[in-house]
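*Asks:* First, the structure itself, so that you have it in front of you.
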Amino acid sequence: MKTQPRVLICAGHTGGHFFPALSCAEAFQARYPEVEIHFLLSKMPAFVKEAAKNNSFQFHLIPFSSIPPFFSLKMILFLLEYAKAFWNTAFLIAKLKPKLVLGFGSYSSVPAVLCASGLAVPVLLHEQNASFGRANQFLAFWASRVAISFPETHGKVAKHKVFYSGYPLRSAFLNHQDRAVSEKPFTILVFGGSQGARHLNQVFLESLKVFNTEEKVGLAVIHIVGSDDMHEVAQTYQRLGIGADVCSFSDRIAEYYQRANLVISRAGAGTIFELAAVGRAAILIPYPHAYAHQKINAEYLASQRSARMIHDANLDARVLSETIRELRMDTRQRIELAQKIKSISKPDASQILVTIGWELACAKN
């Protein structure tokens with residue numbers, strides 16, 4: 001009896017790695033329903049478990065810890081744990097016999113890509129950021145092809161392997177309807193993502209205190225915060241007399257983008273390409289501890305006049321309030337920023353990855 005063809009997708013456990021991988025998996029399933037999709041992860045946070053419940057993909061968990069400081073006792077334990085993960089991954093790939101391995105970055109994808117290469121399974125990597133992460137930079141040597149999200153991506157990867165696919169987005173951003181947004185009230189969407197959100201939230205709330213009464217009256221805010229901070233943040237808006245929709249992380253994010261005249265956020269790749277899909281002016285404040293990825297992402301957009309950028313070290317209430325006031329008053333600049341960032345959107349990114357990936361799989365078999 002002939003077995004179903006299989007594709008193995010390995011990704012980090014953060015949303016920035018997992019959601020583009022999930023979008024690609026959904027595109028694979030839609031085009032090739034006979035293909036069996038398997039995910040390999042090192043952790044299963046709540047949003048991954050939720051995704052696992054809502055589709056027919058098979059999930060495999062091979063746990064190991066984050067990389068500790070190099071010269072430490074923990075590094076010895078990590079290497080032992082990694083060796084075990086490598087062996088378990090090799091066993092899984094030998095058992096599944098996938099036609100293709102898709103890697104979406106993170107150190108957790110290293111064992112799968114190396115094992116796949118050693119077993120002559122084609123490997124397609126996808127880099128989400130404007131500079132190659134350490135894992136993808138290392139793994140590119142063993143990959144068949146390497147896809148990039150930005151038109152320009154920094155890193156030392158053989159040019160003949162690289163192609164521009166764009167960033168695979170969730171269906172909510174692919175099916176949205178473009179629409180004009182009223183400036184009455186002027187609506188700001190604010191969120192800090194899963195990393196460094198509290199500092200951004202605090203500075204933004206302080207910046208609102210700089211505005212005069214007339215400015216506050218014409219202002220509305222959609223503020224996405226962690227569930228632990230919702231009550232305190234909502235009370236702050238009540239004291240300031242500003243209409244605000246304070247909510248926890250939500251699958252309504254595409255709707256929130258569409259309601260906004262201006263977005264203030266960190267500069268993760270997922271956020272940037274969501275902004276691009278909807279076409280919204282943004283103030284990007286890169287998280288300073290993400291291996292400089294967010295800084296390089298934001299600097300690229302700022303250099304293309306596709307977004308405004310404030311370094312986290314320079315972020316305070318005065319600087320942020322002045323930038324908000326400037327963009328609120330300058331409709332033309334907001335429109336230009338929105339049009340520029342929309343130019344890097346590639347709605348067919350998942351389809352491109354499926355096409356190239358399946359070509360690799362069929363060429364090998």
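Every chain in the structure tokens takes a letter, A first, then B, and so on in the order presented; its residues are numbered from 1, and the ligands are numbered from 1 following the presented order.
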So that I can check the surroundings of A:Leu174, please list as an MDAnalysis selection string every protein, DNA and RNA residue that reaches within 10 Å of it, counting only C-alpha atoms and ignoring chain neighbours fewer than 3 positions away.
*Replies:* chainID A and resid 168:171 177 254 274 277:278 346:348
*Asks:* Give me every helix (DSSP H, G or I) residue in stretch 139-357 of chain A, going by DSSP on the backbone, as a VMD selection string.
*Replies:* chain A and resid 139 to 142 159 to 161 171 to 174 197 to 208 213 to 217 227 to 240 253 to 259 269 to 278 293 to 303 312 to 314 317 to 329 331 to 342 349 to 357
*Asks:* Let me make sure I understand: among A:Leu320, A:Ile296, A:Ile222, A:Ile93, which one has the smallest atom-to-atom distance to A:Arg252 if we use only C-alpha atoms?
*Replies:*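 Using only C-alpha atoms, the shortest distance to A:Arg252 belongs to A:Ile222.
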*Asks:* Quick one, how far is atom CA of A:Phe91 from atom CA of A:Ile62?
*Replies:*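 Interatomic distance, atom CA of A:Phe91 to atom CA of A:Ile62: 11.3 Å.
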*Asks:* Calculate how many Å separate atom CA of A:Leu315 from atom CA of A:Thr236, rounding to one decimal.
*Replies:*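 Computing the Euclidean distance for atom CA of A:Leu315 and atom CA of A:Thr236 yields 19.9 Å.
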*Asks:* When you count only C-alpha atoms, which of these residues is closest to A:Ala94: A:Arg6, A:His160, A:Tyr107, A:Leu80?
*Replies:*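 So, comparing all the options, the nearest one is A:Arg6.
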*Asks:* Please determine, counting only C-alpha atoms, which residue among A:Phe28, A:Phe138, A:Phe191, A:Tyr164 has the shortest atom-to-atom distance to A:Cys247.
*Replies:*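 With only C-alpha atoms as the atom set, the closest residue is A:Phe191.
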*Asks:* Using only C-alpha atoms, determine which residues lie at most 12 Å from A:Leu219, disregarding the query and same-chain residues fewer than 3 positions distant; provide the list as a PDB file with N, CA and C atoms, in the first residue's frame.
*Replies:*
```pdb
ATOM      1  N   SER A 182     -11.870  56.778   9.020  1.00  0.00           N
ATOM      2  CA  SER A 182     -12.209  58.124   9.472  1.00  0.00           C
ATOM      3  C   SER A 182     -11.187  58.606  10.497  1.00  0.00           C
ATOM      4  N   GLU A 183     -10.942  59.918  10.505  1.00  0.00           N
ATOM      5  CA  GLU A 183     -10.036  60.495  11.499  1.00  0.00           C
ATOM      6  C   GLU A 183     -10.811  61.074  12.677  1.00  0.00           C
ATOM      7  N   LYS A 184     -12.098  60.821  12.732  1.00  0.00           N
ATOM      8  CA  LYS A 184     -12.913  61.303  13.832  1.00  0.00           C
ATOM      9  C   LYS A 184     -13.597  60.108  14.488  1.00  0.00           C
ATOM     10  N   PRO A 185     -13.064  59.594  15.573  1.00  0.00           N
ATOM     11  CA  PRO A 185     -11.847  60.052  16.244  1.00  0.00           C
ATOM     12  C   PRO A 185     -10.581  59.536  15.554  1.00  0.00           C
ATOM     13  N   PHE A 186      -9.452  60.132  15.913  1.00  0.00           N
ATOM     14  CA  PHE A 186      -8.152  59.652  15.441  1.00  0.00           C
ATOM     15  C   PHE A 186      -7.781  58.447  16.300  1.00  0.00           C
ATOM     16  N   THR A 187      -7.678  57.287  15.675  1.00  0.00           N
ATOM     17  CA  THR A 187      -7.528  56.028  16.426  1.00  0.00           C
ATOM     18  C   THR A 187      -6.102  55.507  16.347  1.00  0.00           C
ATOM     19  N   ILE A 188      -5.542  55.216  17.516  1.00  0.00           N
ATOM     20  CA  ILE A 188      -4.187  54.664  17.617  1.00  0.00           C
ATOM     21  C   ILE A 188      -4.284  53.230  18.128  1.00  0.00           C
ATOM     22  N   LEU A 189      -3.642  52.322  17.421  1.00  0.00           N
ATOM     23  CA  LEU A 189      -3.513  50.930  17.875  1.00  0.00           C
ATOM     24  C   LEU A 189      -2.137  50.766  18.501  1.00  0.00           C
ATOM     25  N   LEU A 208       0.423  60.243  26.682  1.00  0.00           N
ATOM     26  CA  LEU A 208      -0.928  60.785  26.546  1.00  0.00           C
ATOM     27  C   LEU A 208      -1.180  61.933  27.518  1.00  0.00           C
ATOM     28  N   PHE A 211      -0.766  65.508  26.124  1.00  0.00           N
ATOM     29  CA  PHE A 211      -1.766  66.113  25.245  1.00  0.00           C
ATOM     30  C   PHE A 211      -2.725  67.007  26.030  1.00  0.00           C
ATOM     31  N   ASN A 212      -3.167  68.100  25.377  1.00  0.00           N
ATOM     32  CA  ASN A 212      -4.134  68.984  26.024  1.00  0.00           C
ATOM     33  C   ASN A 212      -5.544  68.398  25.914  1.00  0.00           C
ATOM     34  N   THR A 213      -6.494  69.057  26.558  1.00  0.00           N
ATOM     35  CA  THR A 213      -7.862  68.530  26.628  1.00  0.00           C
ATOM     36  C   THR A 213      -8.476  68.358  25.247  1.00  0.00           C
ATOM     37  N   GLU A 214      -8.279  69.334  24.366  1.00  0.00           N
ATOM     38  CA  GLU A 214      -8.849  69.256  23.015  1.00  0.00           C
ATOM     39  C   GLU A 214      -8.292  68.064  22.244  1.00  0.00           C
ATOM     40  N   GLU A 215      -6.981  67.812  22.383  1.00  0.00           N
ATOM     41  CA  GLU A 215      -6.359  66.679  21.691  1.00  0.00           C
ATOM     42  C   GLU A 215      -6.900  65.352  22.211  1.00  0.00           C
ATOM     43  N   LYS A 216      -7.133  65.278  23.495  1.00  0.00           N
ATOM     44  CA  LYS A 216      -7.649  64.039  24.083  1.00  0.00           C
ATOM     45  C   LYS A 216      -9.080  63.746  23.633  1.00  0.00           C
ATOM     46  N   ILE A 222      -6.912  51.784  20.729  1.00  0.00           N
ATOM     47  CA  ILE A 222      -7.082  50.331  20.872  1.00  0.00           C
ATOM     48  C   ILE A 222      -5.771  49.830  21.460  1.00  0.00           C
ATOM     49  N   TYR A 237      -6.868  54.944  31.374  1.00  0.00           N
ATOM     50  CA  TYR A 237      -7.607  55.653  30.321  1.00  0.00           C
ATOM     51  C   TYR A 237      -8.821  56.385  30.890  1.00  0.00           C
ATOM     52  N   LEU A 240      -7.631  59.545  32.393  1.00  0.00           N
ATOM     53  CA  LEU A 240      -7.202  60.508  31.378  1.00  0.00           C
ATOM     54  C   LEU A 240      -8.371  61.055  30.568  1.00  0.00           C
ATOM     55  N   GLY A 241      -9.521  60.407  30.644  1.00  0.00           N
ATOM     56  CA  GLY A 241     -10.672  60.852  29.869  1.00  0.00           C
ATOM     57  C   GLY A 241     -10.548  60.546  28.389  1.00  0.00           C
ATOM     58  N   ILE A 242      -9.887  59.445  28.054  1.00  0.00           N
ATOM     59  CA  ILE A 242      -9.685  59.043  26.657  1.00  0.00           C
ATOM     60  C   ILE A 242     -10.451  57.753  26.400  1.00  0.00           C
ATOM     61  N   GLY A 243     -11.220  57.736  25.334  1.00  0.00           N
ATOM     62  CA  GLY A 243     -11.944  56.527  24.966  1.00  0.00           C
ATOM     63  C   GLY A 243     -10.978  55.447  24.504  1.00  0.00           C
ATOM     64  N   ALA A 244     -11.043  54.280  25.129  1.00  0.00           N
ATOM     65  CA  ALA A 244     -10.081  53.221  24.805  1.00  0.00           C
ATOM     66  C   ALA A 244     -10.746  51.857  24.835  1.00  0.00           C
ATOM     67  N   ASP A 245     -10.338  51.036  23.893  1.00  0.00           N
ATOM     68  CA  ASP A 245     -10.726  49.624  23.853  1.00  0.00           C
ATOM     69  C   ASP A 245      -9.501  48.837  24.312  1.00  0.00           C
ATOM     70  N   ALA A 260      -7.444  51.469  12.732  1.00  0.00           N
ATOM     71  CA  ALA A 260      -6.427  52.409  13.208  1.00  0.00           C
ATOM     72  C   ALA A 260      -5.998  53.411  12.140  1.00  0.00           C
ATOM     73  N   ASN A 261      -5.756  54.649  12.586  1.00  0.00           N
ATOM     74  CA  ASN A 261      -5.099  55.658  11.748  1.00  0.00           C
ATOM     75  C   ASN A 261      -3.588  55.590  11.899  1.00  0.00           C
ATOM     76  N   LEU A 262      -3.142  55.089  13.048  1.00  0.00           N
ATOM     77  CA  LEU A 262      -1.713  55.015  13.352  1.00  0.00           C
ATOM     78  C   LEU A 262      -1.479  53.814  14.258  1.00  0.00           C
ATOM     79  N   ILE A 324       3.735  61.319  17.718  1.00  0.00           N
ATOM     80  CA  ILE A 324       2.302  61.081  17.513  1.00  0.00           C
ATOM     81  C   ILE A 324       1.627  62.351  17.012  1.00  0.00           C
ATOM     82  N   ARG A 325       1.917  63.472  17.673  1.00  0.00           N
ATOM     83  CA  ARG A 325       1.294  64.744  17.288  1.00  0.00           C
ATOM     84  C   ARG A 325       1.641  65.111  15.847  1.00  0.00           C
ATOM     85  N   ARG A 328      -0.238  62.797  13.478  1.00  0.00           N
ATOM     86  CA  ARG A 328      -1.678  63.076  13.542  1.00  0.00           C
ATOM     87  C   ARG A 328      -2.025  64.303  12.708  1.00  0.00           C
TER      88      ARG A 328
END
```
*Asks:* List as a PyMOL selection string the protein and nucleic acid residues near A:Leu124, meaning an atom at most 7 Å away when only C-alpha atoms are counted, but skip any in the same chain fewer than 5 places from it.
*Replies:* chain A and resi 101-103+143-146+357
*Asks:* Could the residues in this selection be saved with C-alpha atoms as a JSON list (two decimals), in the first residue's frame?
*Replies:*
```json
[["chain", "number", "residue", "atom", "x", "y", "z"],
["A", 101, "VAL", "CA", 11.63, 19.55, 5.37],
["A", 102, "LEU", "CA", 10.64, 23.19, 5.82],
["A", 103, "GLY", "CA", 12.60, 25.17, 8.41],
["A", 143, "ALA", "CA", 19.61, 23.80, 2.66],
["A", 144, "SER", "CA", 18.48, 23.29, -0.92],
["A", 145, "ARG", "CA", 16.88, 26.76, -1.14],
["A", 146, "VAL", "CA", 16.51, 29.73, 1.22],
["A", 357, "GLY", "CA", 9.03, 23.37, -1.87]]
```
*Asks:* Quick one: of A:Thr323, A:Ser248, A:Asn88, A:Ser345, who's nearest to A:Ser306, counting only C-alpha atoms?
*Replies:* A:Ser345
*Asks:* Excluding A:Ile148 and any residue of its chain fewer than 4 positions from it, enumerate the residues within 12 Å of it, using only C-alpha atoms, and give them as a PyMOL selection string.
*Replies:* chain A and resi 104-105+124-133+136-137+140+152-155+157+159+161-168+269+344+346+349-350+352-353
*Asks:* Just write the chosen residues, N, CA and C atoms, as a CSV table (one decimal), in the first residue's frame.
*Replies:*
```csv
chain,number,residue,atom,x,y,z
A,104,PHE,N,11.7,27.1,9.6
A,104,PHE,CA,11.4,28.5,9.8
A,104,PHE,C,12.2,29.1,10.9
A,105,GLY,N,13.4,28.7,11.1
A,105,GLY,CA,14.3,29.4,12.0
A,105,GLY,C,14.2,28.9,13.4
A,124,LEU,N,14.0,23.3,2.6
A,124,LEU,CA,13.7,24.7,2.3
A,124,LEU,C,13.6,25.5,3.6
A,125,LEU,N,14.5,26.6,3.7
A,125,LEU,CA,14.5,27.4,4.8
A,125,LEU,C,13.7,28.7,4.5
A,126,HIS,N,13.1,29.3,5.5
A,126,HIS,CA,12.5,30.6,5.4
A,126,HIS,C,13.0,31.5,6.5
A,127,GLU,N,13.5,32.7,6.1
A,127,GLU,CA,14.0,33.7,7.1
A,127,GLU,C,12.9,34.8,7.1
A,128,GLN,N,12.5,35.1,8.4
A,128,GLN,CA,11.4,36.1,8.5
A,128,GLN,C,11.9,37.5,8.6
A,129,ASN,N,13.2,37.7,9.1
A,129,ASN,CA,13.7,39.1,9.4
A,129,ASN,C,14.5,39.6,8.3
A,130,ALA,N,14.9,40.9,8.5
A,130,ALA,CA,15.7,41.6,7.5
A,130,ALA,C,17.2,41.2,7.6
A,131,SER,N,17.5,40.4,8.6
A,131,SER,CA,18.9,39.9,8.7
A,131,SER,C,18.7,38.4,9.1
A,132,PHE,N,19.6,37.6,8.6
A,132,PHE,CA,19.5,36.2,8.9
A,132,PHE,C,19.7,35.9,10.4
A,133,GLY,N,18.8,35.1,11.0
A,133,GLY,CA,19.1,34.6,12.4
A,133,GLY,C,20.2,33.7,12.4
A,136,ASN,N,19.4,30.1,11.0
A,136,ASN,CA,19.2,30.0,9.5
A,136,ASN,C,20.6,30.3,8.8
A,137,GLN,N,21.3,31.2,9.4
A,137,GLN,CA,22.6,31.5,8.8
A,137,GLN,C,23.5,30.3,8.8
A,140,ALA,N,21.9,27.4,6.4
A,140,ALA,CA,21.8,27.7,4.9
A,140,ALA,C,22.7,26.8,4.1
A,152,GLU,N,15.4,42.9,0.8
A,152,GLU,CA,16.9,42.8,1.0
A,152,GLU,C,17.1,42.2,2.4
A,153,THR,N,17.9,41.2,2.5
A,153,THR,CA,18.2,40.5,3.8
A,153,THR,C,19.7,40.4,4.0
A,154,HIS,N,20.1,40.8,5.2
A,154,HIS,CA,21.6,40.8,5.4
A,154,HIS,C,22.0,39.4,5.9
A,155,GLY,N,23.1,39.0,5.4
A,155,GLY,CA,23.6,37.7,5.8
A,155,GLY,C,24.5,37.1,4.7
A,157,VAL,N,24.9,34.2,2.8
A,157,VAL,CA,24.2,32.9,2.3
A,157,VAL,C,24.5,32.9,0.8
A,159,LYS,N,24.2,33.1,-2.9
A,159,LYS,CA,23.1,33.8,-3.6
A,159,LYS,C,22.3,32.9,-4.5
A,161,LYS,N,21.1,30.2,-3.8
A,161,LYS,CA,20.1,29.5,-3.1
A,161,LYS,C,18.9,30.4,-2.7
A,162,VAL,N,19.2,31.7,-2.7
A,162,VAL,CA,18.2,32.6,-2.1
A,162,VAL,C,17.1,33.1,-3.1
A,163,PHE,N,15.9,33.1,-2.7
A,163,PHE,CA,14.8,33.7,-3.5
A,163,PHE,C,13.9,34.5,-2.6
A,164,TYR,N,13.2,35.5,-3.1
A,164,TYR,CA,12.4,36.4,-2.4
A,164,TYR,C,10.9,35.9,-2.4
A,165,SER,N,10.5,35.4,-1.3
A,165,SER,CA,9.1,34.8,-1.2
A,165,SER,C,8.1,35.8,-0.6
A,166,GLY,N,8.6,36.6,0.3
A,166,GLY,CA,7.7,37.4,1.2
A,166,GLY,C,7.4,36.6,2.5
A,167,TYR,N,6.6,37.1,3.3
A,167,TYR,CA,6.2,36.6,4.6
A,167,TYR,C,4.8,35.9,4.6
A,168,PRO,N,4.7,34.7,4.9
A,168,PRO,CA,3.4,34.0,4.9
A,168,PRO,C,2.5,34.5,6.0
A,269,ALA,N,9.0,40.7,12.8
A,269,ALA,CA,8.7,40.5,11.3
A,269,ALA,C,7.2,40.3,11.1
A,344,ILE,N,5.8,46.3,0.3
A,344,ILE,CA,6.6,45.1,0.6
A,344,ILE,C,5.7,43.9,0.9
A,346,LYS,N,3.5,40.7,0.2
A,346,LYS,CA,3.3,39.7,-0.9
A,346,LYS,C,2.3,38.7,-0.4
A,349,ALA,N,2.9,34.9,-0.7
A,349,ALA,CA,4.1,34.3,-0.1
A,349,ALA,C,4.0,32.8,0.2
A,350,SER,N,2.9,32.4,0.8
A,350,SER,CA,2.7,31.0,1.1
A,350,SER,C,2.7,30.2,-0.1
A,352,ILE,N,4.1,30.8,-3.0
A,352,ILE,CA,5.4,30.7,-3.6
A,352,ILE,C,6.3,29.7,-2.9
A,353,LEU,N,6.2,29.6,-1.5
A,353,LEU,CA,6.9,28.6,-0.8
A,353,LEU,C,6.4,27.2,-1.1
```
*Asks:* What gap, in Å, lies between atom CA of A:Ala363 and atom CA of A:Ala85?
*Replies:*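 Answer for the atom CA of A:Ala363 to atom CA of A:Ala85 separation: 29.2 Å.
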*Asks:* Taking only stretch 100-190 of chain A into account, list the residues labelled strand (DSSP E) by DSSP (computed from the backbone), as a JSON list (two decimals) with N, CA and C atoms, in the first residue's frame.
*Replies:*
```json
[["chain", "number", "residue", "atom", "x", "y", "z"],
["A", 100, "LEU", "N", 9.98, 16.47, 2.02],
["A", 100, "LEU", "CA", 10.52, 17.82, 2.16],
["A", 100, "LEU", "C", 10.54, 18.20, 3.63],
["A", 101, "VAL", "N", 11.59, 18.93, 4.04],
["A", 101, "VAL", "CA", 11.63, 19.55, 5.37],
["A", 101, "VAL", "C", 11.66, 21.06, 5.18],
["A", 102, "LEU", "N", 10.73, 21.73, 5.84],
["A", 102, "LEU", "CA", 10.64, 23.19, 5.82],
["A", 102, "LEU", "C", 11.10, 23.72, 7.17],
["A", 103, "GLY", "N", 12.10, 24.60, 7.17],
["A", 103, "GLY", "CA", 12.60, 25.17, 8.41],
["A", 103, "GLY", "C", 12.31, 26.65, 8.51],
["A", 123, "VAL", "N", 15.67, 20.38, 1.74],
["A", 123, "VAL", "CA", 15.39, 21.32, 2.82],
["A", 123, "VAL", "C", 15.14, 22.71, 2.23],
["A", 124, "LEU", "N", 14.03, 23.32, 2.64],
["A", 124, "LEU", "CA", 13.72, 24.70, 2.28],
["A", 124, "LEU", "C", 13.65, 25.51, 3.57],
["A", 125, "LEU", "N", 14.48, 26.55, 3.66],
["A", 125, "LEU", "CA", 14.48, 27.43, 4.82],
["A", 125, "LEU", "C", 13.71, 28.71, 4.51],
["A", 126, "HIS", "N", 13.12, 29.29, 5.54],
["A", 126, "HIS", "CA", 12.48, 30.60, 5.40],
["A", 126, "HIS", "C", 12.98, 31.52, 6.51],
["A", 127, "GLU", "N", 13.49, 32.70, 6.11],
["A", 127, "GLU", "CA", 13.96, 33.70, 7.06],
["A", 127, "GLU", "C", 12.93, 34.83, 7.14],
["A", 145, "ARG", "N", 17.23, 25.38, -0.79],
["A", 145, "ARG", "CA", 16.88, 26.76, -1.14],
["A", 145, "ARG", "C", 16.61, 27.52, 0.15],
["A", 146, "VAL", "N", 16.73, 28.86, 0.06],
["A", 146, "VAL", "CA", 16.51, 29.73, 1.22],
["A", 146, "VAL", "C", 15.60, 30.88, 0.80],
["A", 147, "ALA", "N", 14.45, 31.00, 1.44],
["A", 147, "ALA", "CA", 13.49, 32.06, 1.12],
["A", 147, "ALA", "C", 13.67, 33.23, 2.09],
["A", 148, "ILE", "N", 13.49, 34.45, 1.58],
["A", 148, "ILE", "CA", 13.59, 35.64, 2.42],
["A", 148, "ILE", "C", 12.28, 36.42, 2.37],
["A", 162, "VAL", "N", 19.16, 31.67, -2.69],
["A", 162, "VAL", "CA", 18.20, 32.61, -2.09],
["A", 162, "VAL", "C", 17.15, 33.05, -3.10],
["A", 163, "PHE", "N", 15.90, 33.13, -2.66],
["A", 163, "PHE", "CA", 14.84, 33.73, -3.47],
["A", 163, "PHE", "C", 13.89, 34.51, -2.55],
["A", 164, "TYR", "N", 13.24, 35.50, -3.13],
["A", 164, "TYR", "CA", 12.36, 36.40, -2.39],
["A", 164, "TYR", "C", 10.93, 35.88, -2.44],
["A", 186, "PHE", "N", -9.45, 60.13, 15.91],
["A", 186, "PHE", "CA", -8.15, 59.65, 15.44],
["A", 186, "PHE", "C", -7.78, 58.45, 16.30],
["A", 187, "THR", "N", -7.68, 57.29, 15.68],
["A", 187, "THR", "CA", -7.53, 56.03, 16.43],
["A", 187, "THR", "C", -6.10, 55.51, 16.35],
["A", 188, "ILE", "N", -5.54, 55.22, 17.52],
["A", 188, "ILE", "CA", -4.19, 54.66, 17.62],
["A", 188, "ILE", "C", -4.28, 53.23, 18.13],
["A", 189, "LEU", "N", -3.64, 52.32, 17.42],
["A", 189, "LEU", "CA", -3.51, 50.93, 17.88],
["A", 189, "LEU", "C", -2.14, 50.77, 18.50],
["A", 190, "VAL", "N", -2.10, 50.26, 19.73],
["A", 190, "VAL", "CA", -0.84, 50.10, 20.47],
["A", 190, "VAL", "C", -0.72, 48.67, 20.96]]
```
*Asks:* For each of A:His311, A:Arg31, A:Lys97, A:Lys156, take the minimum atom-to-atom distance to A:Leu284, counting only C-alpha atoms, then give the residue where this is smallest.
*Replies:*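 Nearest candidate to A:Leu284 out of A:His311, A:Arg31, A:Lys97, A:Lys156: A:His311.
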